[in-house]
Every structure is written in C-alpha cells, then in structure tokens.
file target_3.cif (mmCIF, C-alpha atoms)
data_protein
loop_
_atom_site.label_atom_id
_atom_site.label_comp_id
_atom_site.auth_asym_id
_atom_site.auth_seq_id
_atom_site.Cartn_x
_atom_site.Cartn_y
_atom_site.Cartn_z
CA MET A 1 25.39 153.46 22.34
CA ALA A 2 28.18 151.66 20.50
CA VAL A 3 30.53 152.71 17.76
CA GLN A 4 31.35 149.87 15.35
CA SER A 5 32.80 149.29 11.91
CA SER A 6 33.04 146.41 9.48
CA HIS A 7 36.84 146.46 9.63
CA THR A 8 39.34 145.12 12.18
CA ALA A 9 39.31 146.84 15.57
CA PHE A 10 42.37 148.40 17.12
CA SER A 11 43.79 146.54 20.05
CA PHE A 12 44.70 149.65 22.02
CA LEU A 13 41.06 150.14 23.05
CA SER A 14 40.62 146.63 24.50
CA PRO A 15 41.09 147.47 28.19
CA LEU A 16 38.18 149.89 28.34
CA ARG A 17 36.87 150.88 31.72
CA SER A 18 33.24 150.41 32.63
CA HIS A 19 32.39 154.09 32.25
CA SER A 20 29.32 155.39 30.49
CA ILE A 21 30.79 157.46 27.70
CA VAL A 22 28.61 159.62 25.50
CA PRO A 23 30.36 160.58 22.28
CA GLU A 24 30.23 164.20 21.24
CA THR A 25 28.62 165.35 18.04
CA SER A 26 32.03 166.19 16.66
CA LEU A 27 32.86 162.50 16.56
CA LEU A 28 30.18 161.93 13.98
CA SER A 29 32.45 163.65 11.48
CA PHE A 30 34.90 160.74 11.94
CA LYS A 31 34.39 158.25 9.14
CA PRO A 32 33.52 155.11 11.13
CA SER A 33 29.80 154.39 11.12
CA LEU A 34 27.79 154.66 14.33
CA VAL A 35 25.31 152.01 15.34
CA GLY A 36 23.40 152.58 18.59
CA TYR A 37 21.79 150.09 20.86
CA PRO A 38 18.07 150.81 21.33
CA PHE A 39 16.79 151.89 24.75
CA THR A 40 13.97 150.21 26.58
CA SER A 41 10.67 151.80 27.37
CA THR A 42 11.98 152.81 30.77
CA ASN A 43 14.68 154.84 29.02
CA ARG A 44 17.47 153.34 31.19
CA ARG A 45 21.06 153.47 30.00
CA ARG A 46 22.73 150.14 29.39
CA PRO A 47 26.49 149.43 29.30
CA PHE A 48 27.95 149.90 25.85
CA ILE A 49 31.27 149.21 24.11
CA ILE A 50 33.10 151.59 21.86
CA THR A 51 35.04 149.99 19.02
CA VAL A 52 36.92 152.10 16.50
CA SER A 53 38.35 150.86 13.22
CA SER A 54 39.70 152.45 10.10
CA LYS A 55 39.70 151.50 6.46
CA SER A 56 43.36 152.31 6.16
CA LYS A 57 45.68 149.32 6.15
CA ASN A 58 48.50 151.24 7.81
CA GLU A 59 48.53 151.58 11.58
CA LEU A 60 47.81 154.95 13.14
CA SER A 61 50.67 156.95 14.55
CA VAL A 62 51.06 157.36 18.28
CA ASP A 63 49.93 160.98 18.20
CA LYS A 64 46.69 160.10 16.42
CA LYS A 65 46.06 157.30 18.88
CA ARG A 66 46.55 159.71 21.77
CA GLN A 67 44.23 162.26 20.19
CA LEU A 68 41.58 159.65 19.61
CA LEU A 69 41.79 158.34 23.17
CA GLU A 70 41.60 161.85 24.62
CA GLN A 71 38.45 162.53 22.57
CA TYR A 72 36.81 159.61 24.36
CA GLY A 73 37.97 160.85 27.76
CA LEU A 74 40.52 158.07 28.25
CA ASN A 75 44.06 158.30 29.60
CA PRO A 76 46.46 157.57 26.72
CA ASP A 77 49.30 156.53 29.10
CA GLU A 78 47.28 153.51 30.25
CA PHE A 79 46.78 152.22 26.71
CA LEU A 80 49.99 153.29 24.98
CA SER A 81 52.59 151.91 27.40
CA GLU A 82 55.95 150.83 26.05
CA PRO A 83 56.14 147.09 25.29
CA SER A 84 58.65 144.94 27.13
CA PRO A 85 61.96 143.97 25.47
CA LYS A 86 60.70 140.40 24.96
CA THR A 87 57.58 141.71 23.21
CA LYS A 88 59.68 143.94 20.96
CA LYS A 89 61.95 141.07 20.07
CA ARG A 90 58.98 138.81 19.34
CA ARG A 91 57.45 141.46 17.07
CA GLU A 92 60.72 141.94 15.21
CA GLN A 93 61.04 138.17 14.70
CA SER A 94 57.46 137.96 13.42
CA LYS A 95 58.09 140.81 10.96
CA SER A 96 61.38 139.38 9.72
CA GLY A 97 59.88 135.89 9.44
CA THR A 98 62.47 134.18 11.57
CA GLY A 99 60.18 133.15 14.44
CA LYS A 100 61.31 130.20 16.50
CA GLN A 101 64.54 128.73 15.23
CA VAL A 102 65.54 125.16 15.96
CA LEU A 103 69.00 125.09 17.49
CA VAL A 104 71.28 122.64 15.75
CA GLU A 105 73.43 120.77 18.25
CA GLU A 106 77.12 120.72 17.52
CA PRO A 107 78.49 117.25 16.84
CA LYS A 108 80.21 115.71 19.81
CA PRO A 109 83.96 115.23 19.51
CA PRO A 110 85.08 111.67 18.75
CA ARG A 111 85.80 109.50 21.76
CA GLU A 112 89.46 108.65 22.23
CA THR A 113 91.34 105.89 24.01
CA HIS A 114 94.71 105.47 25.65
CA LYS A 115 96.77 102.62 27.09
CA LEU A 116 97.05 103.14 30.82
CA LEU A 117 95.82 99.75 32.08
CA GLN A 118 97.74 96.49 32.13
CA VAL A 119 97.22 92.87 33.07
CA VAL A 120 98.55 92.30 36.58
CA GLY A 121 99.29 88.56 36.58
CA GLY A 122 99.07 85.31 34.65
CA THR A 123 100.00 84.45 31.09
CA ALA A 124 99.25 87.95 29.75
CA ARG A 125 101.03 89.78 32.54
CA ARG A 126 102.11 93.40 31.85
CA LYS A 127 100.23 93.59 28.55
CA LYS A 128 98.78 97.06 28.04
CA LEU A 129 95.01 97.49 27.64
CA LEU A 130 92.95 100.23 26.00
CA SER A 131 90.62 102.43 28.06
CA PRO A 132 88.54 105.54 27.20
CA LYS A 133 90.04 108.93 27.99
CA SER A 134 86.68 110.20 29.24
CA MET A 135 85.09 109.29 32.57
CA ASP A 136 82.28 107.29 30.95
CA VAL A 137 84.05 104.05 31.86
CA ARG A 138 85.81 103.67 35.20
CA PRO A 139 88.10 100.60 35.22
CA MET A 140 89.06 98.81 38.43
CA MET A 141 92.32 100.02 39.94
CA GLU A 142 95.26 97.62 39.61
CA VAL A 143 95.85 97.45 43.36
CA VAL A 144 92.20 96.50 43.93
CA LYS A 145 92.31 93.96 41.11
CA ALA A 146 95.48 92.31 42.44
CA ALA A 147 94.00 92.06 45.95
CA ALA A 148 90.70 90.65 44.65
CA PHE A 149 92.33 87.88 42.64
CA GLY A 150 94.67 87.07 45.52
CA ILE A 151 91.68 86.54 47.81
CA LEU A 152 89.82 84.46 45.22
CA GLN A 153 92.84 82.24 44.54
CA ALA A 154 93.42 81.65 48.25
CA ALA A 155 89.72 80.95 48.87
CA GLY A 156 89.66 78.47 46.00
CA GLY A 157 92.58 76.52 47.45
CA CYS A 158 95.11 77.42 44.75
CA PRO A 159 97.15 80.53 45.64
CA ALA A 160 99.12 80.43 42.38
CA SER A 161 96.12 80.65 40.00
CA LEU A 162 92.34 80.46 39.77
CA ARG A 163 90.40 77.24 39.67
CA PRO A 164 89.41 76.44 36.05
CA GLY A 165 85.87 77.59 35.46
CA ARG A 166 83.55 80.14 33.88
CA TRP A 167 83.64 83.86 34.70
CA LEU A 168 80.85 86.42 34.22
CA ASP A 169 82.03 90.04 33.96
CA LEU A 170 79.04 92.37 34.54
CA TYR A 171 79.52 96.03 33.56
CA SER A 172 82.71 94.86 31.87
CA GLY A 173 83.69 98.15 30.19
CA THR A 174 87.31 97.71 29.11
CA GLY A 175 87.18 94.01 30.04
CA SER A 176 90.21 94.28 32.32
CA VAL A 177 88.67 92.08 35.05
CA GLY A 178 87.58 89.33 32.67
CA ILE A 179 90.90 89.42 30.82
CA GLU A 180 92.69 89.10 34.17
CA ALA A 181 90.54 86.05 34.91
CA ILE A 182 91.49 84.32 31.64
CA SER A 183 95.13 85.22 32.19
CA ARG A 184 95.01 83.54 35.62
CA GLY A 185 93.39 80.28 34.55
CA CYS A 186 89.68 80.70 33.74
CA SER A 187 88.55 78.73 30.70
CA GLU A 188 85.71 81.00 29.53
CA VAL A 189 84.55 84.55 30.25
CA HIS A 190 81.24 86.23 29.36
CA PHE A 191 81.37 90.03 29.06
CA VAL A 192 78.20 92.12 29.50
CA GLU A 193 78.52 95.72 28.26
CA MET A 194 75.72 97.92 26.88
CA ASP A 195 77.82 100.61 25.11
CA PRO A 196 78.39 99.57 21.46
CA TRP A 197 81.33 101.96 21.06
CA VAL A 198 83.12 100.52 24.10
CA VAL A 199 82.54 97.00 22.76
CA SER A 200 83.81 97.74 19.25
CA ASP A 201 86.67 100.16 20.04
CA VAL A 202 87.88 99.07 23.48
CA LEU A 203 86.74 95.63 24.64
CA ARG A 204 87.16 93.65 21.43
CA PRO A 205 90.60 95.16 20.58
CA ASN A 206 91.78 94.29 24.11
CA LEU A 207 90.67 90.68 23.66
CA GLU A 208 92.37 90.48 20.26
CA TRP A 209 95.58 92.03 21.63
CA THR A 210 95.79 89.56 24.53
CA GLY A 211 94.76 86.60 22.37
CA PHE A 212 91.69 85.77 24.48
CA LEU A 213 88.96 86.43 21.90
CA ASP A 214 88.29 82.73 21.32
CA ALA A 215 87.70 82.18 25.06
CA SER A 216 85.28 85.12 25.31
CA VAL A 217 81.59 85.75 24.71
CA ILE A 218 80.37 89.37 24.44
CA HIS A 219 76.77 90.36 25.27
CA THR A 220 75.91 93.92 24.15
CA VAL A 221 72.92 94.36 26.42
CA ARG A 222 71.93 96.04 29.67
CA VAL A 223 72.87 94.13 32.81
CA GLU A 224 69.29 94.24 34.11
CA SER A 225 67.99 92.69 30.89
CA PHE A 226 70.74 90.08 30.93
CA LEU A 227 69.86 89.00 34.49
CA GLU A 228 66.15 88.81 33.68
CA ARG A 229 66.75 86.72 30.54
CA ALA A 230 69.80 84.77 31.62
CA GLU A 231 68.38 81.47 30.40
CA HIS A 232 67.84 82.97 26.94
CA PHE A 233 71.47 84.14 26.69
CA LEU A 234 73.17 81.20 28.42
CA GLY A 235 70.93 78.19 27.95
CA GLU A 236 70.25 75.57 30.60
CA ASP A 237 73.68 75.61 32.23
CA GLY A 238 73.64 79.26 33.26
CA SER A 239 75.54 79.19 36.56
CA PHE A 240 79.07 80.61 36.76
CA ASP A 241 82.04 79.84 38.99
CA TYR A 242 82.99 83.53 39.30
CA ILE A 243 80.99 86.74 38.89
CA SER A 244 82.47 90.25 38.95
CA VAL A 245 80.19 93.24 39.57
CA THR A 246 81.84 96.63 38.89
CA PRO A 247 79.00 99.06 38.05
CA PRO A 248 79.09 102.85 37.77
CA TYR A 249 78.55 104.10 41.31
CA ALA A 250 76.07 106.88 40.58
CA VAL A 251 73.48 104.97 38.52
CA VAL A 252 73.12 101.76 40.53
CA ASP A 253 71.10 100.85 43.60
CA TYR A 254 73.22 98.11 45.15
CA SER A 255 70.43 96.63 47.25
CA ILE A 256 68.23 96.12 44.16
CA LEU A 257 71.14 94.90 42.04
CA MET A 258 72.38 92.34 44.58
CA ASP A 259 68.83 91.09 45.15
CA GLN A 260 68.41 90.60 41.39
CA ILE A 261 71.73 88.74 41.15
CA SER A 262 70.91 86.46 44.11
CA LYS A 263 67.59 85.43 42.49
CA SER A 264 69.11 84.87 39.05
CA SER A 265 70.11 81.50 37.62
CA ILE A 266 73.71 82.68 37.15
CA VAL A 267 74.50 82.02 40.84
CA GLY A 268 75.32 78.47 41.90
CA GLU A 269 76.16 76.84 45.22
CA ASN A 270 79.93 77.19 44.65
CA THR A 271 79.92 80.61 42.98
CA PHE A 272 82.26 83.42 44.06
CA ILE A 273 80.96 86.99 43.59
CA LEU A 274 83.30 89.96 43.49
CA VAL A 275 81.60 93.34 44.13
CA GLU A 276 83.22 96.77 43.94
CA TYR A 277 81.20 99.44 45.72
CA PRO A 278 81.72 103.04 46.90
CA PHE A 279 82.29 104.44 50.37
CA ARG A 280 79.24 104.66 52.69
CA THR A 281 77.31 101.87 50.98
CA ASP A 282 75.75 99.17 53.12
CA MET A 283 76.37 95.67 51.80
CA LEU A 284 74.58 92.62 53.22
CA ASP A 285 76.48 89.78 54.87
CA SER A 286 75.01 87.28 52.41
CA CYS A 287 73.88 87.04 48.79
CA GLY A 288 71.39 84.23 48.41
CA CYS A 289 73.09 81.02 49.51
CA LEU A 290 76.51 82.71 49.59
CA VAL A 291 78.19 84.40 52.56
CA LYS A 292 80.60 87.30 52.71
CA ILE A 293 84.14 85.97 53.07
CA SER A 294 86.02 89.25 52.67
CA ASP A 295 85.38 93.00 52.80
CA ARG A 296 88.31 95.35 52.26
CA ARG A 297 88.74 99.08 51.74
CA PHE A 298 91.03 100.89 49.28
CA GLY A 299 90.53 104.60 49.89
CA ARG A 300 87.00 105.45 48.72
CA THR A 301 86.64 102.08 47.00
CA HIS A 302 85.42 98.98 48.84
CA LEU A 303 85.69 95.37 47.77
CA ALA A 304 83.32 92.65 48.96
CA ILE A 305 83.66 88.97 48.06
CA TYR A 306 80.86 86.44 48.55
CA GLY A 307 81.39 82.70 48.36
CA PRO A 308 80.22 79.31 49.64
CA LYS A 309 80.39 78.49 53.33
CA TRP A 310 83.17 75.95 52.83
CA ALA A 311 85.41 78.74 51.53
CA LEU A 312 84.84 80.68 54.73
CA LYS A 313 85.75 77.62 56.84
CA LYS A 314 88.78 76.94 54.67
CA LYS A 315 89.84 80.54 55.00
CA TYR A 316 89.49 80.33 58.78
CA VAL A 317 91.59 77.11 58.85
CA GLU A 318 94.28 78.66 56.64
CA LYS A 319 94.31 81.81 58.73
CA THR A 320 94.70 79.77 61.91
CA LYS A 321 97.45 77.71 60.29
CA ARG A 322 99.37 80.84 59.23
CA LYS A 323 99.01 82.28 62.70
CA GLN A 324 100.37 79.06 64.20
CA GLU A 325 103.31 79.09 61.80
CA LYS A 326 104.15 82.65 62.87
CA LEU A 327 104.03 81.64 66.54
CA ASP A 328 106.32 78.68 65.88
CA LEU A 329 108.75 80.94 64.02
CA LEU A 330 108.80 83.45 66.89
CA ARG A 331 109.42 80.64 69.37
CA GLU A 332 112.39 79.39 67.34
CA VAL A 333 113.80 82.91 67.20
CA GLU A 334 113.52 83.24 70.99
CA ILE A 335 115.28 79.89 71.50
CA SER A 336 118.05 80.91 69.12
CA ALA A 337 118.46 84.28 70.90
CA SER A 338 118.72 82.56 74.31
CA SER A 339 121.34 80.14 72.99
CA ILE A 340 123.37 83.03 71.59
CA SER A 341 123.30 84.86 74.92
CA SER A 342 124.48 81.70 76.75
CA TRP A 343 127.41 81.25 74.38
CA GLY A 344 128.28 84.94 74.37
CA HIS A 345 130.72 84.76 77.31
CA SER A 346 132.50 81.54 76.33
CA ALA A 347 132.60 81.92 72.52
CA SER A 348 134.42 84.61 70.57
CA PRO A 349 132.64 86.70 67.95
CA SER A 350 134.59 84.88 65.23
CA SER A 351 133.33 81.50 66.40
CA PRO A 352 131.50 79.44 63.74
CA ILE A 353 128.45 79.20 66.03
CA CYS A 354 128.03 83.00 66.18
CA MET A 355 128.86 83.77 62.56
CA PRO A 356 125.40 83.03 61.03
CA TYR A 357 123.59 85.28 63.50
CA LEU A 358 126.13 88.06 63.07
CA THR A 359 125.80 87.92 59.30
CA GLN A 360 121.99 87.98 59.51
CA SER A 361 121.97 91.00 61.80
#

call {"tool": "encode", "arguments": {"input": "target_3.cif", "output": "structure tokens"}}
result
Amino acid sequence: MAVQSSHTAFSFLSPLRSHSIVPETSLLSFKPSLVGYPFTSTNRRRPFIITVSSKSKNELSVDKKRQLLEQYGLNPDEFLSEPSPKTKKRREQSKSGTGKQVLVEEPKPPRETHKLLQVVGGTARRKKLLSPKSMDVRPMMEVVKAAAFGILQAAGGCPASLRPGRWLDLYSGTGSVGIEAISRGCSEVHFVEMDPWVVSDVLRPNLEWTGFLDASVIHTVRVESFLERAEHFLGEDGSFDYISVTPPYAVVDYSILMDQISKSSIVGENTFILVEYPFRTDMLDSCGCLVKISDRRFGRTHLAIYGPKWALKKKYVEKTKRKQEKLDLLREVEISASSISSWGHSASPSSPICMPYLTQS
C-alpha cells in the first residue's frame, strides 16, 4: 500500500526504513488521498512507499511533524535533527536572496620608488638611480657591480674602462648594470624587461636622468621570448660583446636558462657573460664556446663570468706578472733592510742614508 498526493512531498520522510507499515484506519480521516498497490494472486505483500503531502502552502510545525511521524511508527528524532550551522546560513541566504556574493578585491596601493642606487664609475659616476620600494625588483649590489666591472675591464685588456662594444642587459629591472656599462665605455646597450611599470616609471627615467637614452634600446618582453626570437628583435648582427644575466632567484632554473643562452645567436666567440646567481647553485665551467674565467662570492650572492679562452690565458699571464712584480718588490725590500743593518753601526740615525727609511717607518 502507498499513500500519495498530487502535491509536493515533504522531505522529512525521505529516509524511510524498509519496514512494512500498515496504516491504521484513523489515518484515512487525514485529507491526503490513499492509492494502494494491487496484490498478486498469491496475496504476497510487496514493499511500499509512504508519501505524505498537504495542500497548504505553509510548512508544518515541528510538533505536527512529530505527531505525523509517530502515527506511522517512526522515530521523530531521526528525521527532525537540527541542521548544521552551514545549512542554516545557506537557508538564510536563500531566503534573503543574497546567495553567493562575488568578493570585490581592494585596489592595490600604487607602487613607489626611491633613490638608493648610484652609478659606481665612469662618466655618470655617483648619479642617483630610481628603484622600486617593493621587493619585486632586486638590483645588483654596488660592491658586486664594482667587482664585476673590474674583472671585465681587466679581462678585456683595459683596466681603466670597458672595450667599446654592445651590451645586452637581461632582466634589466632598474637598468643599473646597463647604465654602468654605458658610463664605462660601451657604445650601445639593449635592455630586456617584461614589467611595463618598471620600464615606464623606473628604467626610462634613469636613462633620461643619466643622459643615456639615445644609446639605449628597450625591449618590453619576456627574456625567454627574446632569446627564442633574437633574430627578429636584433636582425642579422645579433651577437653582443657583453651580456649580463641578473634574474630573480626564485623563478629561474639556471641550467635551462644558461643552456638557452648558449644556443642563442646573441653569444659570439668573443662575448663576455656576467651571471649573478644565489648560494648553493651549481654553475657549469663553460657556456657554449665560452669558459669560466672568474667565480666569486659576496655573502649569499655569487658572481660568475664567462669569456673566450684568450681572456683566460691573458688573465693567467697578468696574474703571473703581478705575482712576479710582488716578488721583485719583496726582494728589493730585503736588500734595503740588509743594507740598513750593515750601516747601522757606522752611521748615525741622522745620517742622510738612514733618513728615508726612518721617515717611512
């Protein structure tokens, strides 16, 4: 037997147990109509479902629901449990019409700059440069920059300045490395920076302030895209004399990046590559046809310089020459000290021979 109605069924009777329930005759006085399932000739009972509905649009009270469930021999506590706080909140939102609300993000505060950087050497020495106050851009430290250009100038055979040539500044950011290169003698610098705000509010004002805008070319593009399409951006003559690589440490795989640079057309036979990398990063001893000529540490920052083999030989010759000059100077000092000791007994302290050594000491 089943109890049905043409109206919507209450949800509190959905988890009915599989019990054979025979309604009492008193239930027939309840207004819902009763429709029974016919029995077979064997007169066996089949499973049936009891569905109760009412013509009233308003929901029944809890007491009436309990009374109705008890009439059918059901436990009201199993069907009339308290809803969870999330369910209550969801029902309240559905009644009020709010539902899911789209959260409006607060506008980010404007990015600010300050002048903490400066050009270390060259024609624009001690000129202040803009840099972002946030940590989005991490410029090269001045001590690292001074050491890097000192090594490059010595390797190029001109300790006073850089050899005239073209410089490529990858991950340029503030442009401090490329500006330093122009200040020290480079004729042209290409800056590659993907952040439009950094280009418009930091890099370009720095070039205008130092007067190097005419000697600069800015590429607002990702470094990976620039390396893949170097011929499109640079034309046939795409090799550079110097390349600086100062990427953000956390978002770069140095092995992949250096492999991409070594296979690109921007590297020539006489190119010098300057790479700044973090502590505990393994750097190869070569980059394409170039060899590592220097690898120095500045705290947690490391500096590797790759160059042609002749620069390594020249560096070895200059190092040997400086070592020989130091040995010659020490030998002269020893000879002078022995001559002073031999004259110490015969000459007075006010003697003209002893005066220079006394004044130096």

call {"tool": "residues_around", "arguments": {"input": "target_3.cif", "residues": "Leu207 of chain A", "least_positions_apart": "6", "cutoff": "12 Å", "atoms": "only C-alpha atoms", "output": "VMD selection string"}}
result
chain A and resid 119 124 127 to 130 174 to 180 182 to 183 189 to 191 199 to 201 213 to 218

call {"tool": "residues_near_point", "arguments": {"input": "target_3.cif", "point": "(88.7, 79.5, 48.3)", "cutoff": "12 Å", "atoms": "all atoms listed in the file", "output": "tab-separated table (two decimals) with C-alpha atoms, in the frame of the given file"}}
result
chain	number	residue	atom	x	y	z
A	148	ALA	CA	90.70	90.65	44.65
A	149	PHE	CA	92.33	87.88	42.64
A	150	GLY	CA	94.67	87.07	45.52
A	151	ILE	CA	91.68	86.54	47.81
A	152	LEU	CA	89.82	84.46	45.22
A	153	GLN	CA	92.84	82.24	44.54
A	154	ALA	CA	93.42	81.65	48.25
A	155	ALA	CA	89.72	80.95	48.87
A	156	GLY	CA	89.66	78.47	46.00
A	157	GLY	CA	92.58	76.52	47.45
A	158	CYS	CA	95.11	77.42	44.75
A	159	PRO	CA	97.15	80.53	45.64
A	161	SER	CA	96.12	80.65	40.00
A	162	LEU	CA	92.34	80.46	39.77
A	163	ARG	CA	90.40	77.24	39.67
A	241	ASP	CA	82.04	79.84	38.99
A	242	TYR	CA	82.99	83.53	39.30
A	270	ASN	CA	79.93	77.19	44.65
A	271	THR	CA	79.92	80.61	42.98
A	272	PHE	CA	82.26	83.42	44.06
A	273	ILE	CA	80.96	86.99	43.59
A	293	ILE	CA	84.14	85.97	53.07
A	294	SER	CA	86.02	89.25	52.67
A	305	ILE	CA	83.66	88.97	48.06
A	306	TYR	CA	80.86	86.44	48.55
A	307	GLY	CA	81.39	82.70	48.36
A	308	PRO	CA	80.22	79.31	49.64
A	309	LYS	CA	80.39	78.49	53.33
A	310	TRP	CA	83.17	75.95	52.83
A	311	ALA	CA	85.41	78.74	51.53
A	312	LEU	CA	84.84	80.68	54.73
A	313	LYS	CA	85.75	77.62	56.84
A	314	LYS	CA	88.78	76.94	54.67
A	315	LYS	CA	89.84	80.54	55.00
A	316	TYR	CA	89.49	80.33	58.78
A	317	VAL	CA	91.59	77.11	58.85
A	318	GLU	CA	94.28	78.66	56.64

call {"tool": "resolve_selection", "arguments": {"input": "target_3.cif", "expression": "the PyMOL selection byres ((chain A and resi 245) around 9)", "output": "VMD selection string"}}
result
chain A and resid 168 to 172 243 to 244 246 to 247 273 to 277

call {"tool": "resolve_selection", "arguments": {"input": "target_3.cif", "expression": "the PyMOL selection byres ((chain A and resi 222-238) around 8)", "output": "ChimeraX atom specification"}}
result
/A:170-171,192-194,220-221,239-240,260-261,264-266

call {"tool": "write_last_selection", "arguments": {"input": "target_3.cif", "atoms": "C-alpha atoms", "output": "PDB file, in the coordinates of the input"}}
result
ATOM      1  CA  LEU A 170      79.040  92.370  34.540  1.00  0.00           C
ATOM      2  CA  TYR A 171      79.520  96.030  33.560  1.00  0.00           C
ATOM      3  CA  VAL A 192      78.200  92.120  29.500  1.00  0.00           C
ATOM      4  CA  GLU A 193      78.520  95.720  28.260  1.00  0.00           C
ATOM      5  CA  MET A 194      75.720  97.920  26.880  1.00  0.00           C
ATOM      6  CA  THR A 220      75.910  93.920  24.150  1.00  0.00           C
ATOM      7  CA  VAL A 221      72.920  94.360  26.420  1.00  0.00           C
ATOM      8  CA  SER A 239      75.540  79.190  36.560  1.00  0.00           C
ATOM      9  CA  PHE A 240      79.070  80.610  36.760  1.00  0.00           C
ATOM     10  CA  GLN A 260      68.410  90.600  41.390  1.00  0.00           C
ATOM     11  CA  ILE A 261      71.730  88.740  41.150  1.00  0.00           C
ATOM     12  CA  SER A 264      69.110  84.870  39.050  1.00  0.00           C
ATOM     13  CA  SER A 265      70.110  81.500  37.620  1.00  0.00           C
ATOM     14  CA  ILE A 266      73.710  82.680  37.150  1.00  0.00           C
TER      15      ILE A 266
END

call {"tool": "atom_distance", "arguments": {"input": "target_3.cif", "atom1": "atom CA of Arg184 of chain A", "atom2": "atom CA of Arg204 of chain A"}}
result
19.1 Å

call {"tool": "atom_distance", "arguments": {"input": "target_3.cif", "atom1": "atom CA of Pro132 of chain A", "atom2": "atom CA of Ile256 of chain A"}}
result
28.1 Å

call {"tool": "atom_distance", "arguments": {"input": "target_3.cif", "atom1": "atom CA of Met258 of chain A", "atom2": "atom CA of Pro164 of chain A"}}
result
24.8 Å

call {"tool": "decode", "arguments": {"input": "target_3.cif", "residues": "segment 294-308 of chain A", "atoms": "N, CA, C and O atoms", "output": "PDB file, in the first residue's frame"}}
result
ATOM      1  N   SER A 294      86.074  33.536 -14.038  1.00  0.00           N
ATOM      2  CA  SER A 294      86.033  34.027 -12.665  1.00  0.00           C
ATOM      3  C   SER A 294      84.753  33.545 -11.993  1.00  0.00           C
ATOM      4  O   SER A 294      83.711  33.404 -12.644  1.00  0.00           O
ATOM      5  N   ASP A 295      84.846  33.274 -10.688  1.00  0.00           N
ATOM      6  CA  ASP A 295      83.690  32.873  -9.891  1.00  0.00           C
ATOM      7  C   ASP A 295      83.938  33.336  -8.458  1.00  0.00           C
ATOM      8  O   ASP A 295      84.754  32.772  -7.744  1.00  0.00           O
ATOM      9  N   ARG A 296      83.224  34.363  -8.046  1.00  0.00           N
ATOM     10  CA  ARG A 296      83.442  34.971  -6.742  1.00  0.00           C
ATOM     11  C   ARG A 296      82.157  34.958  -5.925  1.00  0.00           C
ATOM     12  O   ARG A 296      81.053  34.872  -6.470  1.00  0.00           O
ATOM     13  N   ARG A 297      82.334  35.062  -4.607  1.00  0.00           N
ATOM     14  CA  ARG A 297      81.207  35.020  -3.679  1.00  0.00           C
ATOM     15  C   ARG A 297      81.155  36.300  -2.870  1.00  0.00           C
ATOM     16  O   ARG A 297      82.175  36.776  -2.369  1.00  0.00           O
ATOM     17  N   PHE A 298      79.928  36.841  -2.719  1.00  0.00           N
ATOM     18  CA  PHE A 298      79.682  38.030  -1.906  1.00  0.00           C
ATOM     19  C   PHE A 298      78.510  37.717  -0.975  1.00  0.00           C
ATOM     20  O   PHE A 298      77.364  38.019  -1.282  1.00  0.00           O
ATOM     21  N   GLY A 299      78.810  37.073   0.153  1.00  0.00           N
ATOM     22  CA  GLY A 299      77.750  36.655   1.061  1.00  0.00           C
ATOM     23  C   GLY A 299      76.941  35.531   0.444  1.00  0.00           C
ATOM     24  O   GLY A 299      77.466  34.475   0.096  1.00  0.00           O
ATOM     25  N   ARG A 300      75.639  35.740   0.276  1.00  0.00           N
ATOM     26  CA  ARG A 300      74.767  34.753  -0.354  1.00  0.00           C
ATOM     27  C   ARG A 300      74.686  34.917  -1.862  1.00  0.00           C
ATOM     28  O   ARG A 300      73.983  34.150  -2.534  1.00  0.00           O
ATOM     29  N   THR A 301      75.351  35.925  -2.383  1.00  0.00           N
ATOM     30  CA  THR A 301      75.337  36.188  -3.822  1.00  0.00           C
ATOM     31  C   THR A 301      76.649  35.717  -4.445  1.00  0.00           C
ATOM     32  O   THR A 301      77.724  35.976  -3.908  1.00  0.00           O
ATOM     33  N   HIS A 302      76.542  35.035  -5.587  1.00  0.00           N
ATOM     34  CA  HIS A 302      77.714  34.577  -6.322  1.00  0.00           C
ATOM     35  C   HIS A 302      77.750  35.265  -7.676  1.00  0.00           C
ATOM     36  O   HIS A 302      76.715  35.635  -8.232  1.00  0.00           O
ATOM     37  N   LEU A 303      78.945  35.398  -8.194  1.00  0.00           N
ATOM     38  CA  LEU A 303      79.162  36.084  -9.462  1.00  0.00           C
ATOM     39  C   LEU A 303      80.068  35.228 -10.331  1.00  0.00           C
ATOM     40  O   LEU A 303      81.207  34.941  -9.952  1.00  0.00           O
ATOM     41  N   ALA A 304      79.546  34.798 -11.474  1.00  0.00           N
ATOM     42  CA  ALA A 304      80.322  34.008 -12.432  1.00  0.00           C
ATOM     43  C   ALA A 304      80.474  34.797 -13.723  1.00  0.00           C
ATOM     44  O   ALA A 304      79.514  35.435 -14.181  1.00  0.00           O
ATOM     45  N   ILE A 305      81.680  34.747 -14.307  1.00  0.00           N
ATOM     46  CA  ILE A 305      81.965  35.456 -15.550  1.00  0.00           C
ATOM     47  C   ILE A 305      82.536  34.454 -16.547  1.00  0.00           C
ATOM     48  O   ILE A 305      83.514  33.762 -16.256  1.00  0.00           O
ATOM     49  N   TYR A 306      81.891  34.380 -17.704  1.00  0.00           N
ATOM     50  CA  TYR A 306      82.343  33.518 -18.796  1.00  0.00           C
ATOM     51  C   TYR A 306      82.926  34.389 -19.899  1.00  0.00           C
ATOM     52  O   TYR A 306      82.442  35.508 -20.145  1.00  0.00           O
ATOM     53  N   GLY A 307      83.937  33.888 -20.564  1.00  0.00           N
ATOM     54  CA  GLY A 307      84.574  34.642 -21.630  1.00  0.00           C
ATOM     55  C   GLY A 307      85.343  33.730 -22.567  1.00  0.00           C
ATOM     56  O   GLY A 307      85.397  32.503 -22.381  1.00  0.00           O
ATOM     57  N   PRO A 308      85.969  34.298 -23.595  1.00  0.00           N
ATOM     58  CA  PRO A 308      86.764  33.490 -24.529  1.00  0.00           C
ATOM     59  C   PRO A 308      88.019  32.939 -23.865  1.00  0.00           C
ATOM     60  O   PRO A 308      88.459  33.414 -22.820  1.00  0.00           O
TER      61      PRO A 308
END
